[in-house]
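Structure first, commentary second.
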Amino acid sequence: MTEEERQKIEDLAKEARAEILKMICRADSGHPGGSLSIVDVLAVLYGLKLRHRPAEPKWPERDRFVLSKGHAAPALYATLALTGYFDRKLLETLRELDSSLQGHPDMNKTPGLDFSTGSLGQGLSVGCGMALAAQIDDQKHQTYVFVGDGELQEGQNWEALMFANQHKLSNLTLIVDDNGMQLEGPTENITDLGDIGEKLTNFGWNVLEIDGHNLEQIEEAIESAQSSREPTAVVANTVKGKGISFIETANEYHGKPLSERELLKSLKELKK
Amino acid sequence: MTEINKKSLRGAFGETLLEIAEEVPDLIVLGGDLTKSTKVDAFAERYPERFFNAGIAEQNMIGVAAGLAASGKISLAASFAVFITSRANEQVRAAVALPNLNVKLVGTHAGLSASQDGSSHQSVEDMALMRALPNMTVLAPASAHETKLATRAMVEHKGPVYMRLPRHEVTDVVELSGKKEFVIGQGDQLLTGDDVTIVACGTMTAEAIAVAKMLAAKNVKADVLNMATIKPLDEKLLIESAQKTGKVVTIEDHTIIGGLGGAVAEALSRNQPTPLKSFGINDEFGESGRTEDLYNARGLTADKLTPEILKFINK
């Protein structure tokens with residue numbers, strides 16, 4: 001990426017982080033930790049790599065994106081608003097009655113959402129269906145599915161991994177937000193996923209392991225995924241709560257909103 | 001029950017898929033290692049580019065069907081009723097019903113008709129599970145002829161549909177009635193009478209006709225309603241008949257909780273409170289046995305039903 005692009009993506013990510021914290025604080029409900037860990041990947045996708053038309057969200061040739069870890073919806077909503085899908089003011093309505101921004105993504109309510117999620121472990125199967133549809137119709141667009149590492153404890157993912165390999169869905173890219181944490185603690189203390197990259201390799205996938213906050217590495221992985229003959233999995237090593245020091249070190253912010261004081265402190269830290 | 005004209009509903013479903021394949025190029029079929037059992041094998045052979053075997057992984061199969069539908073396809077997933085509605089229940093809820101996608105679910109070997117495979121394979125609760133889901137349409141055609149019509153209607157309908165089919169062959173009472181078109185949400189009056197209303201669906205519609213004949217021999221005339229759409233229920237037809245007869249009976253190869261009996265009870269109690277007797281499976285799982293033996297053991301044959309219905313209407 002050029003220096004100019006880099007600056008643009010950095011700014012997008014920084015602004016998205018601020019919007020996430022503001023909207024969750026305002027709603028007094030939501031998931032800050034897992035939203036912050038996916039911001040940089042979303043910024044590279046929506047700011048640089050996705051073929052999409054924010055003014056025409058249903059453009060048939062667009063790349064598809066499924067946020068399987070639906071509780072990170074604030075990160076996606078912020079990214080969509082900042083890239084022109086809808087008015088930023090809408091972010092103030094997160095999780096309120098009659099809002100188009102539901103607690104978990106609803107494809108029939110929010111422009112730019114390709115699927116409804118929230119119940120964990122289902123996005124990859126849906127992505128398989130989308131990639132298969134593109135393959136049947138010989139369409140060139142890519143399908144991206146973003147899952148959390150904790151979510152990989154759901155068995156359906158492993159059914160989908162086999163399906164994608166069986167049907168050679170090379171137009172499908174799985175991104176794992178490997179932040180090592182889940183609601184009740186480190187994944188390794190709850191149901192250890194072991195070496196995720198090795199497991200995915202054994203399932204026949206092309207696996208890339210990257211620093212999920214390094215913009216260049218994210219960009220390279222997305223590009224390399226497109227030329228793979230196998231479905232590609234990008235294992236993005238991330239930090240839950242990335243960007244805000246006190247959230248990074250306290251897993252209680254998995255699903256706990258920020259107080260006004262914590263919000264001000266966070267926004268100040270982002271300005272540094 | 002008369003033995004003539006018995007036909008396979010599953011077979012009719014499979015044949016219809018082949019018939020409509022050219023008219024509906026967006027139709028994509030998914031199977032789960034039960035391609036032959038669910039009778040989608042002929043479609044799979046003829047249209048390999050439009051058929052995918054998802055293997056023994058129903059949860060993923062439903063997700064794939066949802067992703068296809070979100071990309072503009074009409075996806076149809078077929079498996080045993082128990083696996084598609086129970087095993088993958090939350091996938092149907094979250095990825096199909098909630099986003100209201102154009103996915104068709106076909107569950108065969110429904111109810112006790114899974115017979116000798118026993119209770120693990122007998123879905124006595126599939127209609128209740130699917131009926132409770134918002135956006136979901138639930139169909140239980142009564143015969144091969146009606147299955148042909150219902151399959152077309154299901155594919156033409158925009159939105160999620162669940163259709164249940166039995167394993168065994170059934171007398172085609174619907175073909176005999178001359179039904180030409182399947183309109184989702186419309187029941188059929190197969191016989192007319194003033195003394196009692198008999199509402200049935202699926203394999204039990206043929207049994208209801210047999211019951212009506214036995215009742216007629218006792219000079220009791222029954223209105224027989226075939227409710228092949230469980231949801232949305234044809235309340236108008238039901239209520240008009242209940243107003244006329246004042247007594248309603250339901251018969252289904254399914255638990256009497258939440259299926260046809262449940263739907264009829266809800267509709268009547270809200271609109272036209274009427275004495276009601278529900279025949280079906282009484283809040284228990286099935287067991288192994290031949291289909292006719294199972295139906296007999298559960299009192300779901302005309303011979304067993306008729307005296308019970310006579311008792312009910314005479315009080």
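Following the order of the structure tokens, first chain is A, next is B, and so on, with residues numbered from 1 inside each chain and ligands from 1 in the order they appear.
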Write out as a PyMOL selection string all residues of segment 63-269 of chain B that backbone DSSP assigns to helix (DSSP H, G or I).
chain B and resi 63-70+81-87+89-97+111-117+119-121+126-131+144-156+173-177+204-217+235-245+260-269
Produce a file of the selected residues containing C-alpha atoms, as a short mmCIF file (atom, residue, chain, number, x, y, z; two decimals), in the first residue's frame.
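Resulting contents of again-v1.cif:
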data_model
loop_
_atom_site.label_atom_id
_atom_site.label_comp_id
_atom_site.auth_asym_id
_atom_site.auth_seq_id
_atom_site.Cartn_x
_atom_site.Cartn_y
_atom_site.Cartn_z
CA GLY B 63 -25.94 -22.88 6.44
CA VAL B 64 -24.85 -23.59 2.86
CA ALA B 65 -28.50 -23.53 1.77
CA ALA B 66 -28.87 -20.15 3.46
CA GLY B 67 -25.76 -18.76 1.76
CA LEU B 68 -27.01 -19.95 -1.62
CA ALA B 69 -30.39 -18.31 -1.00
CA ALA B 70 -28.71 -15.07 0.09
CA ALA B 81 -37.35 -35.01 8.99
CA VAL B 82 -35.70 -35.61 12.34
CA PHE B 83 -32.27 -34.46 11.20
CA ILE B 84 -33.39 -31.40 9.26
CA THR B 85 -35.75 -30.07 11.94
CA SER B 86 -34.09 -31.26 15.15
CA ARG B 87 -30.40 -31.76 14.47
CA ASN B 89 -32.92 -26.71 14.35
CA GLU B 90 -30.96 -23.69 15.45
CA GLN B 91 -29.38 -23.34 12.01
CA VAL B 92 -32.86 -23.30 10.50
CA ARG B 93 -33.87 -20.69 13.05
CA ALA B 94 -30.86 -18.37 12.78
CA ALA B 95 -29.81 -18.72 9.14
CA VAL B 96 -33.12 -19.42 7.38
CA ALA B 97 -36.22 -18.34 9.31
CA GLY B 111 -43.56 -39.35 12.04
CA LEU B 112 -43.90 -43.06 12.83
CA SER B 113 -43.38 -43.82 9.13
CA ALA B 114 -39.65 -44.18 9.82
CA SER B 115 -41.07 -47.42 11.27
CA GLN B 116 -38.47 -50.11 11.94
CA ASP B 117 -35.62 -47.63 12.38
CA SER B 119 -37.61 -43.67 17.83
CA SER B 120 -34.22 -42.10 16.98
CA HIS B 121 -35.40 -41.74 13.40
CA ASP B 126 -41.05 -31.80 13.46
CA MET B 127 -44.19 -29.86 12.61
CA ALA B 128 -44.32 -28.34 16.10
CA LEU B 129 -40.68 -27.27 15.86
CA MET B 130 -41.09 -25.69 12.44
CA ARG B 131 -44.50 -24.19 13.13
CA ALA B 144 -48.30 -38.55 -4.11
CA HIS B 145 -50.54 -36.41 -6.29
CA GLU B 146 -50.74 -33.68 -3.66
CA THR B 147 -46.97 -33.87 -3.08
CA LYS B 148 -46.41 -33.11 -6.76
CA LEU B 149 -48.60 -30.03 -6.53
CA ALA B 150 -47.13 -29.03 -3.16
CA THR B 151 -43.54 -29.33 -4.39
CA ARG B 152 -44.28 -26.89 -7.19
CA ALA B 153 -46.09 -24.51 -4.84
CA MET B 154 -43.21 -24.70 -2.36
CA VAL B 155 -40.61 -23.80 -4.97
CA GLU B 156 -42.76 -20.97 -6.37
CA VAL B 173 -57.28 -39.86 -1.84
CA VAL B 174 -56.35 -36.40 -3.05
CA GLU B 175 -55.96 -37.47 -6.67
CA LEU B 176 -59.37 -39.11 -6.39
CA SER B 177 -60.75 -35.74 -5.22
CA MET B 204 -53.68 -39.58 8.08
CA THR B 205 -55.87 -37.94 5.45
CA ALA B 206 -56.34 -41.30 3.72
CA GLU B 207 -57.17 -42.77 7.12
CA ALA B 208 -59.71 -39.98 7.69
CA ILE B 209 -61.48 -40.88 4.46
CA ALA B 210 -61.61 -44.52 5.58
CA VAL B 211 -62.99 -43.39 8.94
CA ALA B 212 -65.67 -41.29 7.23
CA LYS B 213 -66.80 -44.33 5.26
CA MET B 214 -67.10 -46.40 8.43
CA LEU B 215 -68.98 -43.56 10.12
CA ALA B 216 -71.34 -43.30 7.15
CA ALA B 217 -72.23 -46.98 7.67
CA GLU B 235 -58.88 -21.06 9.69
CA LYS B 236 -61.81 -20.00 7.55
CA LEU B 237 -62.46 -23.51 6.28
CA LEU B 238 -62.00 -24.93 9.78
CA ILE B 239 -64.27 -22.44 11.53
CA GLU B 240 -67.05 -22.72 8.96
CA SER B 241 -67.04 -26.48 9.32
CA ALA B 242 -66.90 -26.31 13.14
CA GLN B 243 -69.85 -23.92 13.14
CA LYS B 244 -71.80 -26.41 11.09
CA THR B 245 -70.91 -29.66 12.90
CA LEU B 260 -52.07 -30.13 13.43
CA GLY B 261 -54.00 -30.83 16.64
CA GLY B 262 -52.28 -27.95 18.36
CA ALA B 263 -52.91 -25.56 15.48
CA VAL B 264 -56.58 -26.52 15.26
CA ALA B 265 -57.01 -26.22 19.04
CA GLU B 266 -55.49 -22.75 18.99
CA ALA B 267 -57.61 -21.57 16.07
CA LEU B 268 -60.86 -22.94 17.48
CA SER B 269 -60.35 -21.74 21.04
#
Select, as number ranges by chain, those residues of chain A with any atom no more than 6 Å from chain B (distances computed using only C-alpha atoms).
A: 125-126, 128-130, 133, 156, 159-160
What parts of segment 118-237 of chain B does DSSP call strand (DSSP E)? I'd like the answer as a VMD selection string.
chain B and resid 137 to 139 161 to 164 169 to 171 188 to 191 196 to 200 222 to 226 229 to 231
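Restricting the calculation to only C-alpha atoms, the smallest distance between Gly180 of chain A and any of A:Ala18, A:Ala236, A:Leu264, A:Leu42 is found for A:Ala236.
With atom CA of Ile136 of chain A on one side and atom CA of Leu174 of chain A on the other, the separation reads 19.8 Å.
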Nearby residues (only C-alpha atoms) at most 12 Å from Ile190 of chain A, same-chain spacing under 2 positions excluded, as a PyMOL selection string
chain A and resi 150-151+153+180-188+192-194
Pick from A:Ala27, A:Leu101, A:Val41, A:Leu36: nearest to Asn214 of chain A, with only C-alpha atoms counted?
A:Val41
Extract, using only C-alpha atoms, all DNA, RNA and protein residues at most 8 Å from His168 of chain B, discarding same-chain residues fewer than 2 positions from it, and format them as a VMD selection string.
chain B and resid 8 to 9 109 113 166 170 291
With C-alpha atoms retained, could you export that selection as a CSV table (one decimal), in the first residue's frame?
chain,number,residue,atom,x,y,z
B,8,SER,CA,-44.9,-43.0,-2.8
B,9,LEU,CA,-44.9,-39.3,-1.7
B,109,HIS,CA,-39.5,-40.5,6.9
B,113,SER,CA,-43.4,-43.8,9.1
B,166,PRO,CA,-43.7,-40.1,5.0
B,170,VAL,CA,-50.3,-44.0,0.8
B,291,THR,CA,-45.7,-49.0,9.9
